[in-house]
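File shown: start20.pdb (PDB, C-alpha atoms and all ligand atoms).
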```
ATOM      1  CA  MET A 220     205.019 -48.227  90.969  1.00  0.00           C
ATOM      2  CA  HIS A 221     204.124 -48.363  87.278  1.00  0.00           C
ATOM      3  CA  GLU A 222     200.528 -49.509  86.768  1.00  0.00           C
ATOM      4  CA  LEU A 223     201.469 -52.644  84.788  1.00  0.00           C
ATOM      5  CA  ALA A 224     204.144 -53.633  87.314  1.00  0.00           C
ATOM      6  CA  ALA A 225     201.529 -53.285  90.059  1.00  0.00           C
ATOM      7  CA  LEU A 226     199.143 -55.482  88.076  1.00  0.00           C
ATOM      8  CA  ARG A 227     201.946 -58.015  87.612  1.00  0.00           C
ATOM      9  CA  ALA A 228     202.584 -58.171  91.362  1.00  0.00           C
ATOM     10  CA  TRP A 229     198.818 -58.565  91.900  1.00  0.00           C
ATOM     11  CA  MET A 230     198.707 -61.360  89.296  1.00  0.00           C
ATOM     12  CA  VAL A 231     201.500 -63.260  91.064  1.00  0.00           C
ATOM     13  CA  ARG A 232     199.811 -62.876  94.428  1.00  0.00           C
ATOM     14  CA  GLU A 233     196.194 -63.552  93.463  1.00  0.00           C
ATOM     15  CA  GLN A 234     196.395 -65.877  90.447  1.00  0.00           C
ATOM     16  CA  LEU A 235     199.533 -67.864  91.324  1.00  0.00           C
ATOM     17  CA  ALA A 236     200.493 -67.860  95.018  1.00  0.00           C
ATOM     18  CA  ALA A 237     196.867 -67.931  96.177  1.00  0.00           C
ATOM     19  CA  ARG A 238     196.256 -71.012  94.017  1.00  0.00           C
ATOM     20  CA  GLY A 239     199.183 -73.024  95.279  1.00  0.00           C
ATOM     21  CA  ILE A 240     202.148 -72.006  93.126  1.00  0.00           C
ATOM     22  CA  GLU A 241     204.916 -72.078  95.713  1.00  0.00           C
ATOM     23  CA  ALA A 242     208.264 -72.386  93.913  1.00  0.00           C
ATOM     24  CA  PRO A 243     210.164 -69.194  94.798  1.00  0.00           C
ATOM     25  CA  LEU A 244     212.103 -69.198  91.503  1.00  0.00           C
ATOM     26  CA  VAL A 245     208.862 -69.403  89.488  1.00  0.00           C
ATOM     27  CA  LEU A 246     207.114 -66.676  91.471  1.00  0.00           C
ATOM     28  CA  ALA A 247     210.177 -64.410  91.206  1.00  0.00           C
ATOM     29  CA  ALA A 248     210.486 -65.014  87.457  1.00  0.00           C
ATOM     30  CA  MET A 249     206.828 -64.238  86.848  1.00  0.00           C
ATOM     31  CA  ARG A 250     207.135 -61.095  88.943  1.00  0.00           C
ATOM     32  CA  LYS A 251     209.820 -59.903  86.519  1.00  0.00           C
ATOM     33  CA  VAL A 252     208.697 -60.773  82.980  1.00  0.00           C
ATOM     34  CA  PRO A 253     206.525 -58.047  81.390  1.00  0.00           C
ATOM     35  CA  ARG A 254     203.679 -60.101  79.826  1.00  0.00           C
ATOM     36  CA  GLU A 255     202.436 -56.953  78.089  1.00  0.00           C
ATOM     37  CA  ALA A 256     205.524 -57.031  75.834  1.00  0.00           C
ATOM     38  CA  PHE A 257     204.448 -60.408  74.382  1.00  0.00           C
ATOM     39  CA  ILE A 258     200.876 -59.614  73.347  1.00  0.00           C
ATOM     40  CA  PRO A 259     199.382 -57.447  70.595  1.00  0.00           C
ATOM     41  CA  ALA A 260     199.373 -53.731  71.481  1.00  0.00           C
ATOM     42  CA  ARG A 261     195.552 -53.531  71.410  1.00  0.00           C
ATOM     43  CA  LEU A 262     195.350 -56.134  74.213  1.00  0.00           C
ATOM     44  CA  ARG A 263     198.002 -54.673  76.519  1.00  0.00           C
ATOM     45  CA  ALA A 264     195.491 -53.438  79.085  1.00  0.00           C
ATOM     46  CA  ARG A 265     194.440 -57.082  79.472  1.00  0.00           C
ATOM     47  CA  ALA A 266     198.003 -58.388  79.979  1.00  0.00           C
ATOM     48  CA  TYR A 267     197.408 -59.558  83.547  1.00  0.00           C
ATOM     49  CA  GLU A 268     193.974 -61.098  83.083  1.00  0.00           C
ATOM     50  CA  ASP A 269     193.591 -64.629  84.380  1.00  0.00           C
ATOM     51  CA  ALA A 270     193.226 -65.997  80.850  1.00  0.00           C
ATOM     52  CA  PRO A 271     194.969 -67.010  77.652  1.00  0.00           C
ATOM     53  CA  LEU A 272     194.980 -64.221  75.038  1.00  0.00           C
ATOM     54  CA  PRO A 273     195.140 -64.328  71.234  1.00  0.00           C
ATOM     55  CA  ILE A 274     198.450 -63.616  69.490  1.00  0.00           C
ATOM     56  CA  ALA A 275     199.174 -63.664  65.737  1.00  0.00           C
ATOM     57  CA  ALA A 276     198.500 -66.616  63.393  1.00  0.00           C
ATOM     58  CA  GLY A 277     195.460 -67.837  65.363  1.00  0.00           C
ATOM     59  CA  GLN A 278     197.626 -68.929  68.317  1.00  0.00           C
ATOM     60  CA  THR A 279     197.517 -68.009  72.014  1.00  0.00           C
ATOM     61  CA  ILE A 280     199.693 -66.898  74.894  1.00  0.00           C
ATOM     62  CA  SER A 281     198.845 -69.236  77.756  1.00  0.00           C
ATOM     63  CA  GLN A 282     197.066 -68.280  81.004  1.00  0.00           C
ATOM     64  CA  PRO A 283     199.694 -67.154  83.567  1.00  0.00           C
ATOM     65  CA  TYR A 284     198.607 -69.793  86.090  1.00  0.00           C
ATOM     66  CA  ILE A 285     199.136 -72.598  83.572  1.00  0.00           C
ATOM     67  CA  VAL A 286     202.575 -71.218  82.616  1.00  0.00           C
ATOM     68  CA  ALA A 287     203.518 -71.179  86.308  1.00  0.00           C
ATOM     69  CA  LEU A 288     202.078 -74.656  86.954  1.00  0.00           C
ATOM     70  CA  MET A 289     204.006 -76.152  84.027  1.00  0.00           C
ATOM     71  CA  ILE A 290     207.299 -74.473  84.909  1.00  0.00           C
ATOM     72  CA  GLN A 291     206.943 -75.336  88.596  1.00  0.00           C
ATOM     73  CA  ALA A 292     206.473 -79.004  87.610  1.00  0.00           C
ATOM     74  CA  LEU A 293     209.876 -78.959  85.895  1.00  0.00           C
ATOM     75  CA  ALA A 294     211.432 -78.490  89.383  1.00  0.00           C
ATOM     76  CA  LEU A 295     214.211 -76.239  88.084  1.00  0.00           C
ATOM     77  CA  ARG A 296     216.879 -75.103  90.540  1.00  0.00           C
ATOM     78  CA  GLY A 297     218.617 -72.631  88.254  1.00  0.00           C
ATOM     79  CA  GLY A 298     221.195 -72.954  85.495  1.00  0.00           C
ATOM     80  CA  GLU A 299     219.611 -75.854  83.568  1.00  0.00           C
ATOM     81  CA  SER A 300     219.326 -76.445  79.838  1.00  0.00           C
ATOM     82  CA  VAL A 301     215.624 -76.352  78.882  1.00  0.00           C
ATOM     83  CA  LEU A 302     213.832 -77.125  75.614  1.00  0.00           C
ATOM     84  CA  GLU A 303     210.475 -75.489  74.935  1.00  0.00           C
ATOM     85  CA  ILE A 304     208.247 -76.651  72.077  1.00  0.00           C
ATOM     86  CA  GLY A 305     205.761 -73.981  70.994  1.00  0.00           C
ATOM     87  CA  THR A 306     207.483 -70.600  71.341  1.00  0.00           C
ATOM     88  CA  GLY A 307     204.302 -68.678  70.479  1.00  0.00           C
ATOM     89  CA  SER A 308     204.795 -65.151  71.809  1.00  0.00           C
ATOM     90  CA  GLY A 309     208.032 -66.045  73.644  1.00  0.00           C
ATOM     91  CA  TYR A 310     206.521 -65.305  77.077  1.00  0.00           C
ATOM     92  CA  ALA A 311     207.077 -68.745  78.640  1.00  0.00           C
ATOM     93  CA  ALA A 312     210.597 -68.800  77.153  1.00  0.00           C
ATOM     94  CA  ALA A 313     211.298 -65.518  78.952  1.00  0.00           C
ATOM     95  CA  VAL A 314     210.007 -66.898  82.264  1.00  0.00           C
ATOM     96  CA  LEU A 315     212.177 -69.991  81.773  1.00  0.00           C
ATOM     97  CA  ALA A 316     215.159 -67.809  80.868  1.00  0.00           C
ATOM     98  CA  GLN A 317     214.911 -66.046  84.241  1.00  0.00           C
ATOM     99  CA  ILE A 318     215.571 -69.412  85.913  1.00  0.00           C
ATOM    100  CA  ALA A 319     217.453 -71.686  83.498  1.00  0.00           C
ATOM    101  CA  GLY A 320     220.966 -71.294  82.114  1.00  0.00           C
ATOM    102  CA  GLN A 321     219.970 -71.886  78.504  1.00  0.00           C
ATOM    103  CA  VAL A 322     216.565 -72.051  76.798  1.00  0.00           C
ATOM    104  CA  CYS A 323     216.109 -73.561  73.334  1.00  0.00           C
ATOM    105  CA  THR A 324     212.634 -72.919  71.956  1.00  0.00           C
ATOM    106  CA  VAL A 325     211.078 -74.221  68.736  1.00  0.00           C
ATOM    107  CA  GLU A 326     208.073 -72.779  66.851  1.00  0.00           C
ATOM    108  CA  ARG A 327     206.502 -74.193  63.664  1.00  0.00           C
ATOM    109  CA  ILE A 328     205.083 -70.850  62.447  1.00  0.00           C
ATOM    110  CA  GLY A 329     207.901 -68.745  61.033  1.00  0.00           C
ATOM    111  CA  ALA A 330     206.273 -65.357  61.664  1.00  0.00           C
ATOM    112  CA  LEU A 331     205.778 -66.209  65.352  1.00  0.00           C
ATOM    113  CA  ALA A 332     209.359 -67.501  65.702  1.00  0.00           C
ATOM    114  CA  ASP A 333     210.703 -64.265  64.186  1.00  0.00           C
ATOM    115  CA  ALA A 334     208.496 -62.014  66.305  1.00  0.00           C
ATOM    116  CA  ALA A 335     209.309 -63.888  69.516  1.00  0.00           C
ATOM    117  CA  ALA A 336     213.048 -63.803  68.785  1.00  0.00           C
ATOM    118  CA  ALA A 337     212.841 -60.032  68.277  1.00  0.00           C
ATOM    119  CA  THR A 338     210.828 -59.497  71.483  1.00  0.00           C
ATOM    120  CA  LEU A 339     213.191 -61.654  73.536  1.00  0.00           C
ATOM    121  CA  ALA A 340     216.283 -59.949  72.113  1.00  0.00           C
ATOM    122  CA  GLY A 341     214.721 -56.522  72.711  1.00  0.00           C
ATOM    123  CA  LEU A 342     214.204 -57.388  76.377  1.00  0.00           C
ATOM    124  CA  GLY A 343     217.808 -58.611  76.659  1.00  0.00           C
ATOM    125  CA  TYR A 344     217.221 -62.361  76.962  1.00  0.00           C
ATOM    126  CA  GLY A 345     220.581 -63.477  75.564  1.00  0.00           C
ATOM    127  CA  ASN A 346     220.189 -67.038  76.865  1.00  0.00           C
ATOM    128  CA  VAL A 347     217.258 -67.954  74.584  1.00  0.00           C
ATOM    129  CA  GLN A 348     217.713 -69.478  71.131  1.00  0.00           C
ATOM    130  CA  VAL A 349     214.611 -69.562  68.893  1.00  0.00           C
ATOM    131  CA  ARG A 350     214.313 -72.031  66.013  1.00  0.00           C
ATOM    132  CA  HIS A 351     211.669 -72.231  63.283  1.00  0.00           C
ATOM    133  CA  ALA A 352     211.001 -75.968  62.863  1.00  0.00           C
ATOM    134  CA  ASP A 353     208.691 -78.850  63.720  1.00  0.00           C
ATOM    135  CA  GLY A 354     209.328 -79.175  67.443  1.00  0.00           C
ATOM    136  CA  SER A 355     207.569 -82.531  67.736  1.00  0.00           C
ATOM    137  CA  GLN A 356     210.967 -83.911  66.796  1.00  0.00           C
ATOM    138  CA  GLY A 357     212.733 -81.756  69.373  1.00  0.00           C
ATOM    139  CA  TRP A 358     216.028 -79.981  68.710  1.00  0.00           C
ATOM    140  CA  PRO A 359     218.522 -82.862  68.525  1.00  0.00           C
ATOM    141  CA  GLY A 360     221.559 -80.650  67.984  1.00  0.00           C
ATOM    142  CA  GLN A 361     221.275 -79.143  71.465  1.00  0.00           C
ATOM    143  CA  ALA A 362     220.132 -82.322  73.293  1.00  0.00           C
ATOM    144  CA  PRO A 363     220.032 -83.710  75.934  1.00  0.00           C
ATOM    145  CA  TYR A 364     218.011 -81.331  78.090  1.00  0.00           C
ATOM    146  CA  ASP A 365     217.481 -81.159  81.846  1.00  0.00           C
ATOM    147  CA  ALA A 366     213.834 -80.294  81.211  1.00  0.00           C
ATOM    148  CA  ILE A 367     211.381 -80.125  78.303  1.00  0.00           C
ATOM    149  CA  ILE A 368     208.128 -78.167  78.198  1.00  0.00           C
ATOM    150  CA  VAL A 369     205.594 -78.546  75.380  1.00  0.00           C
ATOM    151  CA  THR A 370     203.019 -75.764  75.176  1.00  0.00           C
ATOM    152  CA  ALA A 371     200.681 -77.357  72.614  1.00  0.00           C
ATOM    153  CA  GLY A 372     198.616 -80.526  72.940  1.00  0.00           C
ATOM    154  CA  GLY A 373     199.497 -83.808  71.243  1.00  0.00           C
ATOM    155  CA  PRO A 374     197.986 -87.300  71.100  1.00  0.00           C
ATOM    156  CA  GLU A 375     200.990 -88.720  72.975  1.00  0.00           C
ATOM    157  CA  ILE A 376     204.448 -87.676  74.109  1.00  0.00           C
ATOM    158  CA  PRO A 377     206.700 -87.683  71.011  1.00  0.00           C
ATOM    159  CA  PRO A 378     209.394 -90.405  71.239  1.00  0.00           C
ATOM    160  CA  SER A 379     212.008 -87.896  70.021  1.00  0.00           C
ATOM    161  CA  LEU A 380     211.320 -85.654  72.999  1.00  0.00           C
ATOM    162  CA  LYS A 381     211.587 -88.559  75.454  1.00  0.00           C
ATOM    163  CA  ALA A 382     214.914 -89.484  73.879  1.00  0.00           C
ATOM    164  CA  GLN A 383     216.226 -85.916  74.257  1.00  0.00           C
ATOM    165  CA  LEU A 384     215.493 -85.755  78.009  1.00  0.00           C
ATOM    166  CA  LYS A 385     218.393 -86.356  80.435  1.00  0.00           C
ATOM    167  CA  ILE A 386     218.126 -89.128  83.009  1.00  0.00           C
ATOM    168  CA  GLY A 387     216.509 -87.508  86.032  1.00  0.00           C
ATOM    169  CA  GLY A 388     214.937 -84.846  83.823  1.00  0.00           C
ATOM    170  CA  ARG A 389     211.277 -83.869  83.627  1.00  0.00           C
ATOM    171  CA  LEU A 390     209.020 -83.231  80.652  1.00  0.00           C
ATOM    172  CA  VAL A 391     205.672 -81.428  80.919  1.00  0.00           C
ATOM    173  CA  MET A 392     203.142 -81.628  78.089  1.00  0.00           C
ATOM    174  CA  PRO A 393     199.367 -81.551  77.451  1.00  0.00           C
ATOM    175  CA  VAL A 394     198.317 -84.980  76.106  1.00  0.00           C
ATOM    176  CA  GLY A 395     194.882 -86.008  74.907  1.00  0.00           C
ATOM    177  CA  ALA A 396     192.971 -88.073  72.369  1.00  0.00           C
ATOM    178  CA  SER A 397     191.264 -84.867  71.164  1.00  0.00           C
ATOM    179  CA  PRO A 398     193.302 -81.972  69.736  1.00  0.00           C
ATOM    180  CA  HIS A 399     191.225 -79.584  71.872  1.00  0.00           C
ATOM    181  CA  ALA A 400     191.303 -81.077  75.380  1.00  0.00           C
ATOM    182  CA  GLN A 401     194.172 -82.663  77.225  1.00  0.00           C
ATOM    183  CA  ALA A 402     195.554 -83.829  80.558  1.00  0.00           C
ATOM    184  CA  LEU A 403     198.687 -81.982  81.584  1.00  0.00           C
ATOM    185  CA  ILE A 404     201.293 -84.713  82.077  1.00  0.00           C
ATOM    186  CA  CYS A 405     204.593 -84.523  83.959  1.00  0.00           C
ATOM    187  CA  LEU A 406     206.977 -87.273  82.851  1.00  0.00           C
ATOM    188  CA  THR A 407     210.179 -88.078  84.783  1.00  0.00           C
ATOM    189  CA  ARG A 408     212.966 -90.099  83.168  1.00  0.00           C
ATOM    190  CA  HIS A 409     214.484 -92.427  85.777  1.00  0.00           C
ATOM    191  CA  ALA A 410     216.708 -94.522  83.471  1.00  0.00           C
ATOM    192  CA  GLY A 411     217.030 -95.225  79.740  1.00  0.00           C
ATOM    193  CA  ASP A 412     213.534 -96.524  79.107  1.00  0.00           C
ATOM    194  CA  VAL A 413     212.120 -96.059  82.582  1.00  0.00           C
ATOM    195  CA  PHE A 414     209.657 -93.172  82.921  1.00  0.00           C
ATOM    196  CA  SER A 415     206.978 -92.325  85.449  1.00  0.00           C
ATOM    197  CA  ARG A 416     204.061 -89.993  84.772  1.00  0.00           C
ATOM    198  CA  GLU A 417     201.808 -87.830  86.856  1.00  0.00           C
ATOM    199  CA  VAL A 418     198.659 -85.968  85.793  1.00  0.00           C
ATOM    200  CA  LEU A 419     198.739 -82.333  86.907  1.00  0.00           C
ATOM    201  CA  ALA A 420     195.474 -80.863  85.571  1.00  0.00           C
ATOM    202  CA  ASP A 421     192.876 -80.885  82.799  1.00  0.00           C
ATOM    203  CA  VAL A 422     193.798 -78.272  80.184  1.00  0.00           C
ATOM    204  CA  ARG A 423     192.834 -76.963  76.735  1.00  0.00           C
ATOM    205  CA  PHE A 424     195.786 -76.103  74.526  1.00  0.00           C
ATOM    206  CA  VAL A 425     196.032 -75.471  70.791  1.00  0.00           C
ATOM    207  CA  PRO A 426     197.167 -78.588  68.907  1.00  0.00           C
ATOM    208  CA  LEU A 427     200.780 -79.660  68.479  1.00  0.00           C
ATOM    209  CA  ILE A 428     201.092 -80.209  64.728  1.00  0.00           C
ATOM    210  CA  GLY A 429     203.974 -82.192  63.307  1.00  0.00           C
ATOM    211  CA  ALA A 430     205.581 -85.465  62.342  1.00  0.00           C
ATOM    212  CA  GLU A 431     205.244 -86.867  65.886  1.00  0.00           C
ATOM    213  CA  ALA A 432     201.994 -85.084  66.726  1.00  0.00           C
ATOM    214  CA  TRP A 433     198.673 -84.235  64.992  1.00  0.00           C
ATOM    215  CA  PRO A 434     198.913 -84.248  61.197  1.00  0.00           C
ATOM    216  CA  GLU A 435     198.563 -80.835  59.568  1.00  0.00           C
ATOM    217  CA  ALA A 436     195.857 -81.892  57.081  1.00  0.00           C
ATOM    218  CA  ASP A 437     193.546 -83.074  59.870  1.00  0.00           C
ATOM    219  CA  SER A 438     194.141 -80.158  62.121  1.00  0.00           C
ATOM    220  CA  PRO A 439     192.161 -79.070  63.916  1.00  0.00           C
ATOM    221  CA  PRO A 440     189.582 -81.862  63.454  1.00  0.00           C
ATOM    222  CA  GLN A 441     186.171 -81.200  64.955  1.00  0.00           C
ATOM    223  CA  PRO A 442     185.379 -83.078  68.150  1.00  0.00           C
ATOM    224  CA  ARG A 443     183.195 -86.110  67.430  1.00  0.00           C
ATOM    225  CA  ARG A 444     179.619 -85.852  68.592  1.00  0.00           C
ATOM    226  CA  GLY A 445     177.348 -88.723  69.511  1.00  0.00           C
TER     227      GLY A 445
HETATM  228  N1  LIG A 501     204.549 -70.804  74.968  1.00  0.00           N
HETATM  229  C1  LIG A 501     203.791 -69.842  74.227  1.00  0.00           C
HETATM  230  C2  LIG A 501     203.801 -68.479  74.837  1.00  0.00           C
HETATM  231  O1  LIG A 501     204.368 -68.317  75.926  1.00  0.00           O
HETATM  232  O2  LIG A 501     203.287 -67.558  74.208  1.00  0.00           O
HETATM  233  C3  LIG A 501     202.382 -70.280  73.971  1.00  0.00           C
HETATM  234  C4  LIG A 501     202.313 -71.305  72.951  1.00  0.00           C
HETATM  235  S1  LIG A 501     200.805 -71.550  72.090  1.00  0.00           S
HETATM  236  C5  LIG A 501     199.708 -72.069  73.323  1.00  0.00           C
HETATM  237  C6  LIG A 501     201.302 -73.043  71.221  1.00  0.00           C
HETATM  238  C7  LIG A 501     202.304 -72.824  70.128  1.00  0.00           C
HETATM  239  O3  LIG A 501     202.749 -74.093  69.679  1.00  0.00           O
HETATM  240  C8  LIG A 501     201.772 -72.100  68.912  1.00  0.00           C
HETATM  241  O4  LIG A 501     202.515 -70.958  68.661  1.00  0.00           O
HETATM  242  C9  LIG A 501     201.916 -73.128  67.799  1.00  0.00           C
HETATM  243  O5  LIG A 501     202.205 -72.577  66.533  1.00  0.00           O
HETATM  244  C10 LIG A 501     203.063 -73.958  68.320  1.00  0.00           C
HETATM  245  N2  LIG A 501     203.214 -75.294  67.728  1.00  0.00           N
HETATM  246  C11 LIG A 501     202.247 -76.177  67.353  1.00  0.00           C
HETATM  247  N3  LIG A 501     202.814 -77.283  66.830  1.00  0.00           N
HETATM  248  C12 LIG A 501     204.161 -77.098  66.893  1.00  0.00           C
HETATM  249  C13 LIG A 501     205.296 -77.884  66.530  1.00  0.00           C
HETATM  250  N4  LIG A 501     205.185 -79.104  65.988  1.00  0.00           N
HETATM  251  N5  LIG A 501     206.524 -77.371  66.735  1.00  0.00           N
HETATM  252  C14 LIG A 501     206.683 -76.141  67.271  1.00  0.00           C
HETATM  253  N6  LIG A 501     205.663 -75.346  67.645  1.00  0.00           N
HETATM  254  C15 LIG A 501     204.415 -75.824  67.465  1.00  0.00           C
END
```
As structure tokens - that is how I would like this structure written.
Ligand code: SAM
Amino acid sequence: MHELAALRAWMVREQLAARGIEAPLVLAAMRKVPREAFIPARLRARAYEDAPLPIAAGQTISQPYIVALMIQALALRGGESVLEIGTGSGYAAAVLAQIAGQVCTVERIGALADAAAATLAGLGYGNVQVRHADGSQGWPGQAPYDAIIVTAGGPEIPPSLKAQLKIGGRLVMPVGASPHAQALICLTRHAGDVFSREVLADVRFVPLIGAEAWPEADSPPQPRRG
């Protein structure tokens, strides 16, 4: 077996399954997607570390365990329409694309959106559409979605995203009063305005910056001391 494929199988076993990720579709998807293709060439030997890694434009590719935890919480069965906010490298979009029917992903930094679209196309992910825009307002043209995943932290769940979620659908997002520390929230839409929420974990994501998130001028503010 190729060395990186062996490391990927080890990552799924030791970092995901051993820590309680059980969803067979998520484990199978993460066994397939080559994380090394989504990170800078100089970091490829570290592709299966149990950590986030830097990508271009000061952003990050999330820790594999957190990607798996978030996607598992969406409770996908296969074939769904999924919206991702925060394309970054495109890695989570690729994992989603292994499970869902259609993935729409939005990134506010144009260079990252372009690079991710090229990586995803190069790997043959024809069911992912990448858009360069402020994702805090969702992607109304493709709504509603069976599931929404936000991979950057905001002060609250943007109303536009709640409105673009189907009844019965789930939304997973890091939410916190500080742009640097959040609770990972899973929101379920039961009826028009009826939502329930569950806290999954404490997390530290880069800030979600946009009209329904942290303002650009203030971002990233320093945590208050004292
Ligand atoms: N899902 C990504 C991956 O698999 O590589 C990791 C995403 S990274 C932790 C968060 C991303 O959210 C960054 O690329 C950042 O530019 C993006 N972002 C922040 N605010 C955004 C917004 N309003 N709309 C879209 N993307 C945003």
For Gln361 in chain A: contacts at 10 Å, all atoms listed in the file, fewer than 3 positions along chain excluded, given as a list in words: Ser300, Val301, Leu302, Cys323, Gly357, Trp358, Tyr364 and Gln383 of chain A
For this session: For the structure shown, which residues end up in the PyMOL selection byres (((chain A and resi 281) around 12) and not hetatm)? Put them as a ChimeraX atom specification, please?
Result: /A:254,257-258,266-274,278-280,282-289,305-312,369-371,422-425
Can those selected residues be exported to a file as a short mmCIF file (atom, residue, chain, number, x, y, z; two decimals), in the coordinates of the input so that it contains C-alpha atoms?
```cif
data_model
loop_
_atom_site.label_atom_id
_atom_site.label_comp_id
_atom_site.auth_asym_id
_atom_site.auth_seq_id
_atom_site.Cartn_x
_atom_site.Cartn_y
_atom_site.Cartn_z
CA ARG A 254 203.68 -60.10 79.83
CA PHE A 257 204.45 -60.41 74.38
CA ILE A 258 200.88 -59.61 73.35
CA ALA A 266 198.00 -58.39 79.98
CA TYR A 267 197.41 -59.56 83.55
CA GLU A 268 193.97 -61.10 83.08
CA ASP A 269 193.59 -64.63 84.38
CA ALA A 270 193.23 -66.00 80.85
CA PRO A 271 194.97 -67.01 77.65
CA LEU A 272 194.98 -64.22 75.04
CA PRO A 273 195.14 -64.33 71.23
CA ILE A 274 198.45 -63.62 69.49
CA GLN A 278 197.63 -68.93 68.32
CA THR A 279 197.52 -68.01 72.01
CA ILE A 280 199.69 -66.90 74.89
CA GLN A 282 197.07 -68.28 81.00
CA PRO A 283 199.69 -67.15 83.57
CA TYR A 284 198.61 -69.79 86.09
CA ILE A 285 199.14 -72.60 83.57
CA VAL A 286 202.58 -71.22 82.62
CA ALA A 287 203.52 -71.18 86.31
CA LEU A 288 202.08 -74.66 86.95
CA MET A 289 204.01 -76.15 84.03
CA GLY A 305 205.76 -73.98 70.99
CA THR A 306 207.48 -70.60 71.34
CA GLY A 307 204.30 -68.68 70.48
CA SER A 308 204.80 -65.15 71.81
CA GLY A 309 208.03 -66.04 73.64
CA TYR A 310 206.52 -65.31 77.08
CA ALA A 311 207.08 -68.74 78.64
CA ALA A 312 210.60 -68.80 77.15
CA VAL A 369 205.59 -78.55 75.38
CA THR A 370 203.02 -75.76 75.18
CA ALA A 371 200.68 -77.36 72.61
CA VAL A 422 193.80 -78.27 80.18
CA ARG A 423 192.83 -76.96 76.74
CA PHE A 424 195.79 -76.10 74.53
CA VAL A 425 196.03 -75.47 70.79
#
```
Selection result for the PyMOL selection byres (((chain A and resi 235-252) around 9) and not hetatm) on this file, as number ranges by chain: A: 224, 227-228, 230-234, 253-256, 283-284, 287-288, 290-291, 294-297, 310, 313-318
Practice prompt. Have a look at CA of Pro359 in chain A and CA of Ser397 in chain A and let me know their distance in Å, one decimal.
Written response: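 So the answer is 27.5 Å.
Selection by the PyMOL selection byres (((chain A and resi 320) around 6) and not hetatm) on the present file picks out Gly298, Glu299, Ser300, Ala319 and Gln321 of chain A.
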Per-axis box centre and lengths in Å around range 347-364 of chain A, 8 Å margin per side, axis-aligned, as AutoDock Vina command-line options:
```
--center_x 214.6 --center_y -75.9 --center_z 70.5 --size_x 30.0 --size_y 32.0 --size_z 31.2
```
Exercise. Report the distance between CA of Ala366 in chain A and CA of Leu384 in chain A in Å, rounded to one decimal place.
Key: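 Between these atoms lies a distance of 6.5 Å.
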Min atom-atom distance to ligand LIG 501 (chain A) from the set A:Val394, A:Ala275, A:Ile328, A:Ala335, counting only C-alpha atoms and all ligand atoms, belongs to A:Ile328
Expressed in Å, the length from CA of Ala292 in chain A to atom C3 of ligand LIG 501 (chain A) is 16.7 Å
In terms of all atoms listed in the file, the residue from A:Asp421, A:Glu431, A:Asp365, A:Asp412 at minimal distance from ligand LIG 501 (chain A) is A:Glu431
If you count all atoms listed in the file, the residue of A:Val413, A:Leu223, A:Leu293, A:Val325 closest to ligand LIG 501 (chain A) turns out to be A:Val325
The residue from A:Val322, A:Ala340, A:Leu427, A:Ala382 with the smallest atom-to-atom distance to ligand LIG 501 (chain A), counting all atoms listed in the file, is A:Leu427
Find, counting only C-alpha atoms and all ligand atoms, the residue in A:Pro393, A:Gly343, A:Gly354, A:Gly360 that gets nearest to ligand LIG 501 (chain A).
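Among A:Pro393, A:Gly343, A:Gly354, A:Gly360, it is A:Gly354 that comes nearest to ligand LIG 501 (chain A).
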message: Measuring between only C-alpha atoms and all ligand atoms, which one of A:Glu303, A:Asp353, A:Glu375, A:Asp333 shows the shortest distance to ligand LIG 501 (chain A)?
response: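 Smallest separation from ligand LIG 501 (chain A) among the options: A:Asp353.
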